[in-house]
>>> print(open('run10.cif').read())   # mmCIF, C-alpha atoms
data_protein
loop_
_atom_site.label_atom_id
_atom_site.label_comp_id
_atom_site.auth_asym_id
_atom_site.auth_seq_id
_atom_site.Cartn_x
_atom_site.Cartn_y
_atom_site.Cartn_z
CA MET U 1 24.32 -23.47 -23.94
CA SER U 2 20.67 -24.40 -23.63
CA GLU U 3 21.20 -27.40 -21.37
CA ALA U 4 19.82 -26.95 -17.86
CA ALA U 5 22.16 -26.56 -14.88
CA GLY U 6 23.12 -29.13 -12.28
CA LEU U 7 23.13 -29.10 -8.48
CA TYR U 8 25.87 -30.94 -6.58
CA LEU U 9 25.51 -31.58 -2.84
CA HIS U 10 28.65 -32.72 -1.02
CA VAL U 11 28.13 -35.02 1.95
CA PRO U 12 31.46 -35.22 3.80
CA PHE U 13 30.75 -38.17 6.09
CA CYS U 14 32.15 -41.70 5.86
CA ALA U 15 32.14 -44.59 8.29
CA ARG U 16 35.90 -44.64 7.80
CA VAL U 17 38.33 -42.93 5.42
CA CYS U 18 39.55 -45.34 2.74
CA PRO U 19 43.34 -45.43 2.23
CA TYR U 20 43.06 -44.27 -1.40
CA CYS U 21 40.58 -41.42 -0.83
CA ASP U 22 41.66 -37.83 -1.49
CA PHE U 23 38.22 -36.20 -1.10
CA ALA U 24 37.06 -33.84 1.62
CA VAL U 25 35.62 -36.43 4.00
CA ARG U 26 35.42 -37.09 7.71
CA THR U 27 33.82 -39.52 10.12
CA GLY U 28 30.86 -38.12 12.01
CA ASP U 29 28.28 -39.20 14.55
CA ALA U 30 24.55 -38.59 14.29
CA ALA U 31 24.77 -35.19 16.01
CA ARG U 32 27.39 -33.93 13.54
CA GLN U 33 25.33 -35.18 10.64
CA ARG U 34 22.24 -33.38 11.93
CA ARG U 35 24.20 -30.11 12.20
CA TYR U 36 25.51 -30.62 8.68
CA VAL U 37 22.00 -31.15 7.29
CA GLU U 38 20.66 -28.01 8.95
CA HIS U 39 23.53 -25.96 7.57
CA LEU U 40 23.12 -27.45 4.09
CA LEU U 41 19.45 -26.50 4.13
CA ALA U 42 20.49 -22.98 5.12
CA GLU U 43 23.07 -22.86 2.32
CA ILE U 44 20.36 -23.80 -0.17
CA ASP U 45 18.39 -20.78 1.09
CA LEU U 46 21.42 -18.54 0.51
CA TRP U 47 21.32 -19.42 -3.19
CA ALA U 48 17.61 -18.78 -3.78
CA ASP U 49 18.56 -16.30 -6.52
CA TRP U 50 20.26 -18.96 -8.68
CA PRO U 51 18.93 -18.13 -12.18
CA GLU U 52 19.29 -21.27 -14.36
CA PRO U 53 16.78 -24.13 -14.29
CA ILE U 54 18.25 -27.27 -12.69
CA ASP U 55 17.53 -30.76 -14.06
CA THR U 56 20.04 -32.88 -12.11
CA VAL U 57 20.64 -33.14 -8.37
CA TYR U 58 23.69 -35.17 -7.32
CA PHE U 59 24.48 -36.29 -3.78
CA GLY U 60 28.21 -37.04 -3.72
CA GLY U 61 30.84 -37.43 -1.08
CA GLY U 62 31.95 -38.84 1.11
CA THR U 63 29.11 -41.24 1.59
CA PRO U 64 25.66 -39.66 1.10
CA SER U 65 24.02 -42.93 2.15
CA ARG U 66 25.24 -42.21 5.69
CA LEU U 67 22.44 -39.65 5.93
CA ASP U 68 19.03 -40.70 7.15
CA PRO U 69 16.73 -41.13 4.11
CA ASP U 70 14.34 -38.63 5.71
CA ASP U 71 17.13 -36.05 5.65
CA VAL U 72 17.79 -36.82 1.99
CA ALA U 73 14.10 -36.16 1.38
CA ARG U 74 14.28 -32.87 3.34
CA ILE U 75 17.24 -31.70 1.27
CA VAL U 76 15.58 -32.57 -2.04
CA ALA U 77 12.37 -30.89 -0.93
CA ARG U 78 14.22 -27.70 0.13
CA ALA U 79 16.09 -27.62 -3.17
CA ARG U 80 12.81 -27.90 -5.07
CA GLN U 81 11.27 -25.19 -2.90
CA ARG U 82 14.11 -22.64 -3.02
CA LEU U 83 15.94 -23.37 -6.27
CA PRO U 84 14.61 -23.67 -9.85
CA VAL U 85 14.68 -27.50 -9.88
CA ILE U 86 12.43 -28.58 -12.73
CA ASP U 87 9.79 -31.30 -12.61
CA GLY U 88 11.32 -34.58 -13.69
CA ALA U 89 14.84 -33.66 -12.55
CA ARG U 90 17.07 -36.70 -12.09
CA VAL U 91 18.39 -37.25 -8.59
CA PHE U 92 21.61 -39.24 -8.08
CA LEU U 93 22.84 -40.65 -4.79
CA GLU U 94 26.09 -42.44 -3.99
CA ALA U 95 25.82 -45.29 -1.50
CA ASN U 96 28.03 -47.76 0.29
CA PRO U 97 26.82 -51.37 0.01
CA ASP U 98 26.45 -51.77 3.76
CA ASP U 99 24.03 -48.81 3.88
CA VAL U 100 21.67 -50.35 1.31
CA SER U 101 18.65 -52.15 2.74
CA ALA U 102 15.06 -52.53 1.65
CA ALA U 103 14.12 -49.73 4.06
CA THR U 104 16.81 -47.24 3.02
CA ALA U 105 16.30 -47.96 -0.67
CA ALA U 106 12.57 -47.33 -0.29
CA GLY U 107 13.31 -44.10 1.58
CA TRP U 108 15.67 -42.84 -1.11
CA SER U 109 13.17 -43.72 -3.81
CA THR U 110 10.42 -41.86 -1.98
CA ALA U 111 12.78 -38.87 -1.69
CA GLY U 112 13.01 -38.80 -5.48
CA VAL U 113 16.31 -40.59 -6.10
CA THR U 114 16.33 -42.04 -9.63
CA THR U 115 19.95 -43.25 -9.90
CA LEU U 116 21.64 -45.17 -7.10
CA SER U 117 25.41 -45.48 -7.47
CA ILE U 118 26.85 -48.22 -5.25
CA GLY U 119 30.52 -48.20 -4.27
CA VAL U 120 31.21 -51.89 -4.73
CA GLN U 121 34.88 -51.25 -5.76
CA THR U 122 35.58 -54.97 -6.17
CA LEU U 123 33.93 -58.32 -5.55
CA ASP U 124 37.25 -59.98 -4.75
CA PRO U 125 37.63 -60.42 -0.96
CA ARG U 126 41.38 -59.81 -1.08
CA GLY U 127 40.83 -56.66 -3.10
CA LEU U 128 38.25 -55.39 -0.62
CA GLU U 129 40.70 -55.95 2.22
CA PHE U 130 43.48 -54.12 0.37
CA LEU U 131 41.19 -51.16 -0.37
CA GLY U 132 40.17 -50.93 3.28
CA ARG U 133 36.50 -51.56 2.57
CA GLN U 134 34.25 -52.61 5.45
CA HIS U 135 31.73 -54.57 3.39
CA GLY U 136 32.19 -58.08 2.06
CA SER U 137 31.47 -59.26 -1.46
CA GLU U 138 28.16 -60.88 -0.44
CA VAL U 139 26.97 -57.60 1.12
CA ALA U 140 27.80 -55.85 -2.17
CA ARG U 141 25.82 -58.41 -4.17
CA ARG U 142 22.79 -58.04 -1.91
CA ALA U 143 22.99 -54.25 -2.16
CA VAL U 144 22.79 -54.33 -5.95
CA GLU U 145 19.94 -56.84 -5.85
CA THR U 146 18.08 -54.65 -3.34
CA ALA U 147 18.56 -51.59 -5.54
CA HIS U 148 17.08 -53.44 -8.51
CA ALA U 149 14.12 -54.58 -6.40
CA ALA U 150 13.50 -50.98 -5.29
CA GLY U 151 12.99 -49.99 -8.92
CA PHE U 152 15.59 -47.25 -9.43
CA ALA U 153 15.69 -46.15 -13.06
CA THR U 154 19.46 -46.63 -13.10
CA VAL U 155 21.50 -48.86 -10.81
CA SER U 156 25.19 -48.07 -11.12
CA ILE U 157 28.22 -49.66 -9.49
CA ASP U 158 31.79 -48.41 -9.04
CA LEU U 159 34.78 -50.66 -9.55
CA ILE U 160 38.50 -50.03 -9.02
CA TYR U 161 41.19 -51.84 -10.99
CA GLY U 162 44.95 -51.70 -11.39
CA LEU U 163 45.59 -52.90 -7.86
CA PRO U 164 49.20 -53.94 -7.17
CA GLY U 165 49.79 -57.39 -8.64
CA GLN U 166 46.39 -57.57 -10.36
CA THR U 167 46.44 -59.71 -13.49
CA ALA U 168 44.28 -59.45 -16.58
CA THR U 169 42.63 -62.75 -15.66
CA ALA U 170 41.74 -61.51 -12.18
CA TRP U 171 40.35 -58.20 -13.45
CA ARG U 172 38.29 -59.90 -16.16
CA ALA U 173 36.80 -62.21 -13.52
CA ASP U 174 35.95 -59.24 -11.30
CA MET U 175 34.18 -57.49 -14.19
CA ASP U 176 32.24 -60.65 -14.92
CA ARG U 177 31.11 -60.96 -11.31
CA ALA U 178 29.92 -57.36 -11.41
CA LEU U 179 28.18 -57.70 -14.78
CA ALA U 180 26.33 -60.78 -13.53
CA LEU U 181 24.52 -58.48 -11.10
CA GLY U 182 22.85 -56.69 -14.03
CA PRO U 183 23.82 -53.05 -13.43
CA HIS U 184 22.65 -50.45 -15.92
CA HIS U 185 25.85 -48.45 -15.51
CA VAL U 186 29.38 -49.22 -14.33
CA SER U 187 32.21 -46.83 -13.47
CA CYS U 188 35.66 -48.45 -13.73
CA TYR U 189 38.40 -46.36 -12.16
CA GLN U 190 42.11 -47.10 -12.34
CA LEU U 191 43.66 -46.97 -8.89
CA THR U 192 45.36 -43.60 -8.45
CA ILE U 193 47.75 -43.00 -5.57
CA HIS U 194 47.37 -39.49 -4.14
CA GLN U 195 50.18 -38.06 -2.05
CA ASP U 196 48.14 -37.06 1.00
CA THR U 197 46.54 -40.47 1.57
CA ARG U 198 47.56 -43.58 3.44
CA PHE U 199 48.42 -45.25 0.13
CA GLY U 200 50.57 -42.24 -0.72
CA LEU U 201 52.44 -42.65 2.55
CA LEU U 202 52.94 -46.37 1.93
CA GLU U 203 54.26 -45.66 -1.56
CA ARG U 204 56.76 -43.12 -0.23
CA ARG U 205 57.95 -45.77 2.25
CA SER U 206 58.27 -48.30 -0.61
CA LYS U 207 55.60 -50.48 1.00
CA LEU U 208 53.24 -50.14 -1.97
CA VAL U 209 54.32 -50.51 -5.59
CA GLN U 210 51.94 -49.61 -8.40
CA LEU U 211 51.51 -51.71 -11.49
CA PRO U 212 53.95 -50.78 -14.29
CA ASP U 213 52.57 -48.41 -16.92
CA ASP U 214 52.42 -51.08 -19.63
CA GLU U 215 50.34 -53.37 -17.41
CA GLN U 216 48.04 -50.48 -16.50
CA ALA U 217 47.59 -49.71 -20.21
CA ALA U 218 46.78 -53.36 -20.94
CA LEU U 219 44.13 -53.40 -18.21
CA PHE U 220 42.63 -50.16 -19.57
CA ARG U 221 42.27 -51.69 -23.03
CA LEU U 222 40.87 -54.90 -21.57
CA THR U 223 38.28 -52.90 -19.61
CA HIS U 224 36.88 -51.15 -22.68
CA GLU U 225 36.93 -54.23 -24.89
CA HIS U 226 35.39 -56.54 -22.29
CA MET U 227 32.67 -54.10 -21.23
CA ALA U 228 31.76 -53.41 -24.87
CA ASP U 229 31.54 -57.15 -25.57
CA ALA U 230 29.16 -57.39 -22.59
CA GLY U 231 26.84 -54.77 -24.09
CA MET U 232 28.11 -51.86 -21.99
CA PRO U 233 30.27 -49.71 -24.29
CA GLY U 234 32.30 -46.92 -22.75
CA TYR U 235 30.97 -43.41 -23.31
CA GLU U 236 33.83 -41.86 -21.33
CA VAL U 237 37.24 -43.04 -20.19
CA SER U 238 35.83 -44.58 -16.99
CA GLN U 239 32.07 -44.77 -17.68
CA PHE U 240 30.10 -47.63 -19.23
CA ALA U 241 26.36 -48.03 -19.76
CA ARG U 242 23.78 -50.32 -21.34
CA GLY U 243 22.31 -47.40 -23.29
CA PRO U 244 22.28 -43.59 -23.55
CA GLU U 245 19.35 -43.41 -21.13
CA HIS U 246 21.73 -44.60 -18.40
CA HIS U 247 24.54 -42.12 -19.16
CA SER U 248 25.28 -39.67 -16.37
CA ARG U 249 23.39 -36.53 -17.35
CA HIS U 250 24.92 -34.72 -14.38
CA ASN U 251 28.59 -35.47 -15.17
CA ARG U 252 28.03 -34.24 -18.71
CA LYS U 253 27.61 -30.72 -17.30
CA TYR U 254 31.17 -30.79 -15.99
CA TRP U 255 32.41 -31.91 -19.41
CA ASN U 256 30.88 -29.13 -21.50
CA HIS U 257 30.92 -26.05 -19.22
CA THR U 258 27.22 -26.15 -18.42
CA PRO U 259 26.49 -24.14 -15.24
CA TYR U 260 26.36 -26.11 -12.00
CA LEU U 261 25.95 -25.10 -8.38
CA GLY U 262 27.94 -26.96 -5.72
CA LEU U 263 26.83 -26.84 -2.09
CA GLY U 264 28.44 -28.37 0.97
CA PRO U 265 32.06 -28.25 2.17
CA SER U 266 34.65 -28.22 -0.68
CA ALA U 267 31.96 -28.19 -3.40
CA HIS U 268 32.80 -26.41 -6.68
CA SER U 269 30.51 -24.34 -8.90
CA TYR U 270 30.70 -22.89 -12.41
CA ARG U 271 28.78 -20.22 -14.29
CA GLU U 272 29.67 -17.82 -17.11
CA ARG U 273 33.42 -18.47 -17.12
CA ARG U 274 33.62 -18.11 -13.34
CA ARG U 275 34.47 -21.02 -11.06
CA TRP U 276 34.30 -20.86 -7.28
CA TRP U 277 34.62 -23.33 -4.46
CA ASN U 278 33.52 -23.64 -0.85
CA LEU U 279 35.59 -23.88 2.29
CA ARG U 280 36.92 -27.43 2.53
CA ARG U 281 36.65 -28.07 6.28
CA THR U 282 33.17 -28.66 7.67
CA ASP U 283 33.41 -26.47 10.79
CA PRO U 284 34.45 -23.23 9.00
CA TRP U 285 31.85 -23.98 6.31
CA GLN U 286 29.16 -24.18 9.01
CA GLU U 287 30.40 -21.04 10.78
CA ARG U 288 30.19 -19.00 7.57
CA ILE U 289 26.63 -20.18 6.90
CA ALA U 290 25.60 -19.51 10.49
CA ALA U 291 26.72 -15.91 9.92
CA GLY U 292 24.36 -15.71 6.93
CA ARG U 293 27.12 -15.68 4.34
CA ARG U 294 27.86 -17.97 1.43
CA PRO U 295 30.81 -20.18 2.45
CA ILE U 296 32.94 -19.48 -0.64
CA GLU U 297 36.67 -19.86 -0.12
CA ALA U 298 37.93 -18.53 -3.47
CA ALA U 299 37.02 -17.99 -7.11
CA GLU U 300 38.63 -17.62 -10.51
CA THR U 301 37.58 -16.33 -13.90
CA LEU U 302 38.73 -18.61 -16.70
CA ASP U 303 40.38 -16.95 -19.69
CA LEU U 304 39.82 -18.21 -23.22
CA PRO U 305 42.85 -20.53 -23.40
CA ALA U 306 41.86 -22.13 -20.09
CA LEU U 307 38.29 -22.69 -21.28
CA LEU U 308 39.43 -24.26 -24.54
CA LEU U 309 41.97 -26.47 -22.82
CA GLU U 310 39.32 -27.66 -20.34
CA ALA U 311 36.90 -28.32 -23.19
CA LEU U 312 39.51 -30.51 -24.86
CA MET U 313 40.53 -32.20 -21.59
CA THR U 314 36.99 -33.24 -20.77
CA GLY U 315 35.56 -33.70 -24.26
CA LEU U 316 38.35 -35.92 -25.54
CA ARG U 317 37.78 -38.28 -22.61
CA THR U 318 34.37 -39.13 -24.08
CA SER U 319 33.59 -41.49 -26.94
CA ALA U 320 31.71 -38.68 -28.71
CA GLY U 321 34.80 -36.49 -28.67
CA VAL U 322 34.76 -32.75 -29.36
CA ASP U 323 32.86 -30.81 -32.02
CA LEU U 324 35.48 -28.27 -33.08
CA ASP U 325 32.88 -26.26 -35.00
CA GLU U 326 30.80 -25.95 -31.83
CA LEU U 327 33.87 -24.70 -29.94
CA ARG U 328 34.49 -22.15 -32.70
CA ARG U 329 30.87 -20.93 -32.52
CA ARG U 330 30.96 -20.79 -28.75
CA TRP U 331 34.40 -19.34 -28.09
CA GLY U 332 35.41 -17.82 -31.46
CA VAL U 333 38.61 -19.86 -31.93
CA ASP U 334 39.12 -22.23 -34.88
CA LEU U 335 41.11 -25.12 -33.42
CA LEU U 336 40.61 -27.09 -36.63
CA GLU U 337 42.48 -24.55 -38.74
CA GLY U 338 45.08 -23.72 -36.10
CA ASN U 339 46.15 -27.30 -35.35
CA GLY U 340 46.27 -28.97 -38.76
CA PRO U 341 49.72 -30.62 -38.41
CA LEU U 342 48.88 -31.93 -34.93
CA LEU U 343 45.53 -33.36 -36.06
CA ARG U 344 47.15 -35.10 -39.02
CA ARG U 345 49.80 -36.57 -36.75
CA LEU U 346 47.28 -37.81 -34.17
CA CYS U 347 45.14 -39.42 -36.86
CA GLY U 348 48.16 -40.86 -38.67
CA ASP U 349 49.43 -42.42 -35.44
CA GLY U 350 46.06 -44.07 -34.85
CA LEU U 351 45.37 -42.02 -31.72
CA ALA U 352 42.45 -39.98 -33.08
CA ARG U 353 39.87 -39.82 -35.85
CA LEU U 354 38.44 -36.70 -37.44
CA ASP U 355 34.94 -36.89 -38.94
CA GLY U 356 34.29 -33.48 -40.43
CA ALA U 357 34.88 -31.18 -37.48
CA ARG U 358 34.29 -33.82 -34.81
CA LEU U 359 37.49 -35.05 -33.19
CA ALA U 360 37.46 -38.20 -31.09
CA LEU U 361 40.24 -40.34 -29.68
CA THR U 362 40.61 -44.00 -30.55
CA LEU U 363 40.99 -46.56 -27.77
CA ASP U 364 44.77 -46.13 -27.95
CA GLY U 365 44.26 -42.39 -27.76
CA LEU U 366 41.89 -42.64 -24.79
CA ALA U 367 44.65 -44.41 -22.86
CA LEU U 368 46.63 -41.16 -23.27
CA ALA U 369 43.65 -38.82 -23.00
CA ASP U 370 45.15 -36.46 -20.41
CA SER U 371 48.36 -35.93 -22.39
CA VAL U 372 46.75 -35.03 -25.76
CA PRO U 373 44.95 -31.70 -25.05
CA PRO U 374 48.08 -29.80 -23.90
CA LEU U 375 49.54 -30.42 -27.37
CA PHE U 376 46.94 -28.09 -28.94
CA ASP U 377 47.53 -24.44 -29.69
CA VAL U 378 44.57 -22.80 -27.97
CA GLY U 379 45.91 -19.27 -27.99
CA PRO U 380 48.19 -17.13 -25.79
CA GLY U 381 49.44 -18.89 -22.71
CA THR U 382 48.81 -22.41 -23.95
CA LEU U 383 51.08 -25.31 -23.03
CA GLN U 384 53.02 -26.59 -26.03
#
>>> encode(input="run10.cif", output="structure tokens")
Amino acid sequence: MSEAAGLYLHVPFCARVCPYCDFAVRTGDAARQRRYVEHLLAEIDLWADWPEPIDTVYFGGGTPSRLDPDDVARIVARARQRLPVIDGARVFLEANPDDVSAATAAGWSTAGVTTLSIGVQTLDPRGLEFLGRQHGSEVARRAVETAHAAGFATVSIDLIYGLPGQTATAWRADMDRALALGPHHVSCYQLTIHQDTRFGLLERRSKLVQLPDDEQAALFRLTHEHMADAGMPGYEVSQFARGPEHHSRHNRKYWNHTPYLGLGPSAHSYRERRRWWNLRRTDPWQERIAAGRRPIEAAETLDLPALLLEALMTGLRTSAGVDLDELRRRWGVDLLEGNGPLLRRLCGDGLARLDGARLALTLDGLALADSVPPLFDVGPGTLQ
């Protein structure tokens, strides 16, 4: 595809590890963070032969806002110096509310950050306590206001819903409180309990009970309807924006198999059917870089069925859906012809709509987005 590549930079540090978090994160003092930055700069140098132009740079984590803004600037500058980052590339940075101040926001802006994504999670004090967040709701409000004042092109906030016992009324009120802050973009994630987290442990001990599936589905529908009514229609299962200019250009690369380079511990990369990922733990990652070697843990080459299944898994989570003609041109497989009975059934059940060769899920279908793609016949080895 002609779309430029993306660069993902994983920052593993957090002030504390939230009980729902399943990412590769750790706490770390200033000395550890300085060592991490120096090794990340060295890893950038190790990839100076990356061939594709890059038009998005994404600091994820973890909590990238734990880094000193000057270090963020150093990393962006090194990426521009050593990698083919184009002029005008969009730079995204995830931040905790309690890290956002007039000084840090100005520093990130000077470093080139254009989108600031703030992990509000909820503006309900009881919800913040349940999620193990250190900031209060007033700190979150001030963080969003400060981001607006700093002039970022896109101010985004993250919310989590589907907390145990959460009602539709409570979730609607939380969305309204968030919308009143005027974000350009909102990510609304249903609470997912991962096994190797504190919440996972509590669930196994029957000390945490998730909302029933029917209540989760009702909250999902409410989310999309309420956000659309507020002028922020969903463009993906969990993503809402005031206009296409605020859509995540970086995430789109993951959805359509555009090349992306991931640096930092646990970061994943993709190019020409090959996916690889870095060592997950920070110390081995640093040791490999110190030896002058790329810290890749493993790699895989995706076969055609895997590529098609991934294209359906990610594409059908978006409001635009999947262009089956484009998949045929790109991968040489006609899913439209090979899945006629399935497509008729999905459309007849009100789960999907087919406009020419473009297949998109309805709101009812989006609620089941992860279970639809495995139904397709994508060739040998597919799940049926």
>>> closest_residue(input="run10.cif", among="U:Ser137, U:Thr56, U:Thr110, U:Thr258", to="Ala150 of chain U", atoms="all atoms listed in the file")
U:Thr110
>>> resolve_selection(input="run10.cif", expression="the PyMOL selection byres ((chain U and resi 117) around 7)", output="mmCIF file with C-alpha atoms, in the frame of the given file")
data_model
loop_
_atom_site.group_PDB
_atom_site.id
_atom_site.type_symbol
_atom_site.label_atom_id
_atom_site.label_comp_id
_atom_site.auth_asym_id
_atom_site.auth_seq_id
_atom_site.Cartn_x
_atom_site.Cartn_y
_atom_site.Cartn_z
ATOM 1 C CA LEU U 93 22.840 -40.650 -4.790
ATOM 2 C CA GLU U 94 26.090 -42.440 -3.990
ATOM 3 C CA ALA U 95 25.820 -45.290 -1.500
ATOM 4 C CA THR U 115 19.950 -43.250 -9.900
ATOM 5 C CA LEU U 116 21.640 -45.170 -7.100
ATOM 6 C CA ILE U 118 26.850 -48.220 -5.250
ATOM 7 C CA GLY U 119 30.520 -48.200 -4.270
ATOM 8 C CA VAL U 155 21.500 -48.860 -10.810
ATOM 9 C CA SER U 156 25.190 -48.070 -11.120
ATOM 10 C CA ILE U 157 28.220 -49.660 -9.490
#
>>> resolve_selection(input="run10.cif", expression="the PyMOL selection byres ((chain U and resi 375-379) around 12)", output="MDAnalysis selection string")
chainID U and resid 303:313 324 327:328 331:343 345:346 368:374 380:384
>>> closest_residue(input="run10.cif", among="U:Glu145, U:Glu203, U:Asp99, U:Glu43", to="Ala180 of chain U", atoms="all atoms listed in the file")
U:Glu145
>>> residues_around(input="run10.cif", residues="Trp171 of chain U", least_positions_apart="2", cutoff="9 Å", atoms="all atoms listed in the file", output="PDB file with C-alpha atoms, in the frame of the given file")
ATOM      1  CA  TYR U 161      41.190 -51.840 -10.990  1.00  0.00           C
ATOM      2  CA  GLY U 162      44.950 -51.700 -11.390  1.00  0.00           C
ATOM      3  CA  GLN U 166      46.390 -57.570 -10.360  1.00  0.00           C
ATOM      4  CA  THR U 167      46.440 -59.710 -13.490  1.00  0.00           C
ATOM      5  CA  ALA U 168      44.280 -59.450 -16.580  1.00  0.00           C
ATOM      6  CA  THR U 169      42.630 -62.750 -15.660  1.00  0.00           C
ATOM      7  CA  ALA U 173      36.800 -62.210 -13.520  1.00  0.00           C
ATOM      8  CA  ASP U 174      35.950 -59.240 -11.300  1.00  0.00           C
ATOM      9  CA  MET U 175      34.180 -57.490 -14.190  1.00  0.00           C
ATOM     10  CA  ASP U 176      32.240 -60.650 -14.920  1.00  0.00           C
ATOM     11  CA  LEU U 219      44.130 -53.400 -18.210  1.00  0.00           C
ATOM     12  CA  LEU U 222      40.870 -54.900 -21.570  1.00  0.00           C
ATOM     13  CA  THR U 223      38.280 -52.900 -19.610  1.00  0.00           C
TER      14      THR U 223
END
>>> decode(input="run10.cif", residues="segment 221-243 of chain U", atoms="N, CA and C atoms", output="compact mmCIF listing (two decimals), in the first residue's frame")
# COMPACT_ATOMS: atom_id res chain seq x y z
N ARG U 221 -24.01 -0.53 23.16
CA ARG U 221 -24.95 0.18 22.28
C ARG U 221 -25.16 1.61 22.76
N LEU U 222 -25.34 1.78 24.06
CA LEU U 222 -25.53 3.12 24.62
C LEU U 222 -24.33 4.01 24.28
N THR U 223 -23.12 3.47 24.38
CA THR U 223 -21.92 4.25 24.11
C THR U 223 -21.95 4.82 22.70
N HIS U 224 -22.21 3.97 21.71
CA HIS U 224 -22.20 4.42 20.32
C HIS U 224 -23.35 5.39 20.03
N GLU U 225 -24.51 5.12 20.56
CA GLU U 225 -25.64 6.01 20.30
C GLU U 225 -25.46 7.36 20.98
N HIS U 226 -24.99 7.35 22.22
CA HIS U 226 -24.85 8.60 22.97
C HIS U 226 -23.71 9.45 22.39
N MET U 227 -22.60 8.82 22.05
CA MET U 227 -21.49 9.59 21.48
C MET U 227 -21.86 10.16 20.12
N ALA U 228 -22.59 9.40 19.32
CA ALA U 228 -23.02 9.91 18.01
C ALA U 228 -23.96 11.10 18.18
N ASP U 229 -24.88 11.00 19.13
CA ASP U 229 -25.81 12.11 19.40
C ASP U 229 -25.06 13.36 19.84
N ALA U 230 -23.89 13.17 20.46
CA ALA U 230 -23.08 14.29 20.93
C ALA U 230 -22.14 14.83 19.86
N GLY U 231 -22.27 14.32 18.63
CA GLY U 231 -21.42 14.80 17.55
C GLY U 231 -20.07 14.12 17.46
N MET U 232 -19.94 12.94 18.10
CA MET U 232 -18.68 12.20 18.05
C MET U 232 -18.98 10.76 17.64
N PRO U 233 -19.31 10.54 16.37
CA PRO U 233 -19.64 9.18 15.93
C PRO U 233 -18.44 8.24 16.03
N GLY U 234 -18.73 6.97 16.27
CA GLY U 234 -17.66 5.99 16.35
C GLY U 234 -17.12 5.64 14.97
N TYR U 235 -15.81 5.64 14.82
CA TYR U 235 -15.21 5.21 13.56
C TYR U 235 -14.54 3.85 13.73
N GLU U 236 -14.57 3.33 14.95
CA GLU U 236 -14.07 2.00 15.27
C GLU U 236 -14.81 1.57 16.53
N VAL U 237 -14.71 0.31 16.88
CA VAL U 237 -15.47 -0.22 18.01
C VAL U 237 -15.32 0.64 19.26
N SER U 238 -14.11 1.13 19.51
CA SER U 238 -13.84 1.86 20.76
C SER U 238 -13.43 3.31 20.55
N GLN U 239 -13.47 3.81 19.30
CA GLN U 239 -12.90 5.12 18.98
C GLN U 239 -13.96 6.07 18.44
N PHE U 240 -13.96 7.30 18.97
CA PHE U 240 -14.96 8.30 18.62
C PHE U 240 -14.27 9.63 18.39
N ALA U 241 -14.73 10.38 17.39
CA ALA U 241 -14.05 11.64 17.08
C ALA U 241 -15.03 12.66 16.51
N ARG U 242 -14.67 13.93 16.66
CA ARG U 242 -15.52 15.02 16.16
C ARG U 242 -15.41 15.19 14.65
N GLY U 243 -14.43 14.57 14.02
CA GLY U 243 -14.30 14.64 12.57
C GLY U 243 -13.13 13.78 12.13
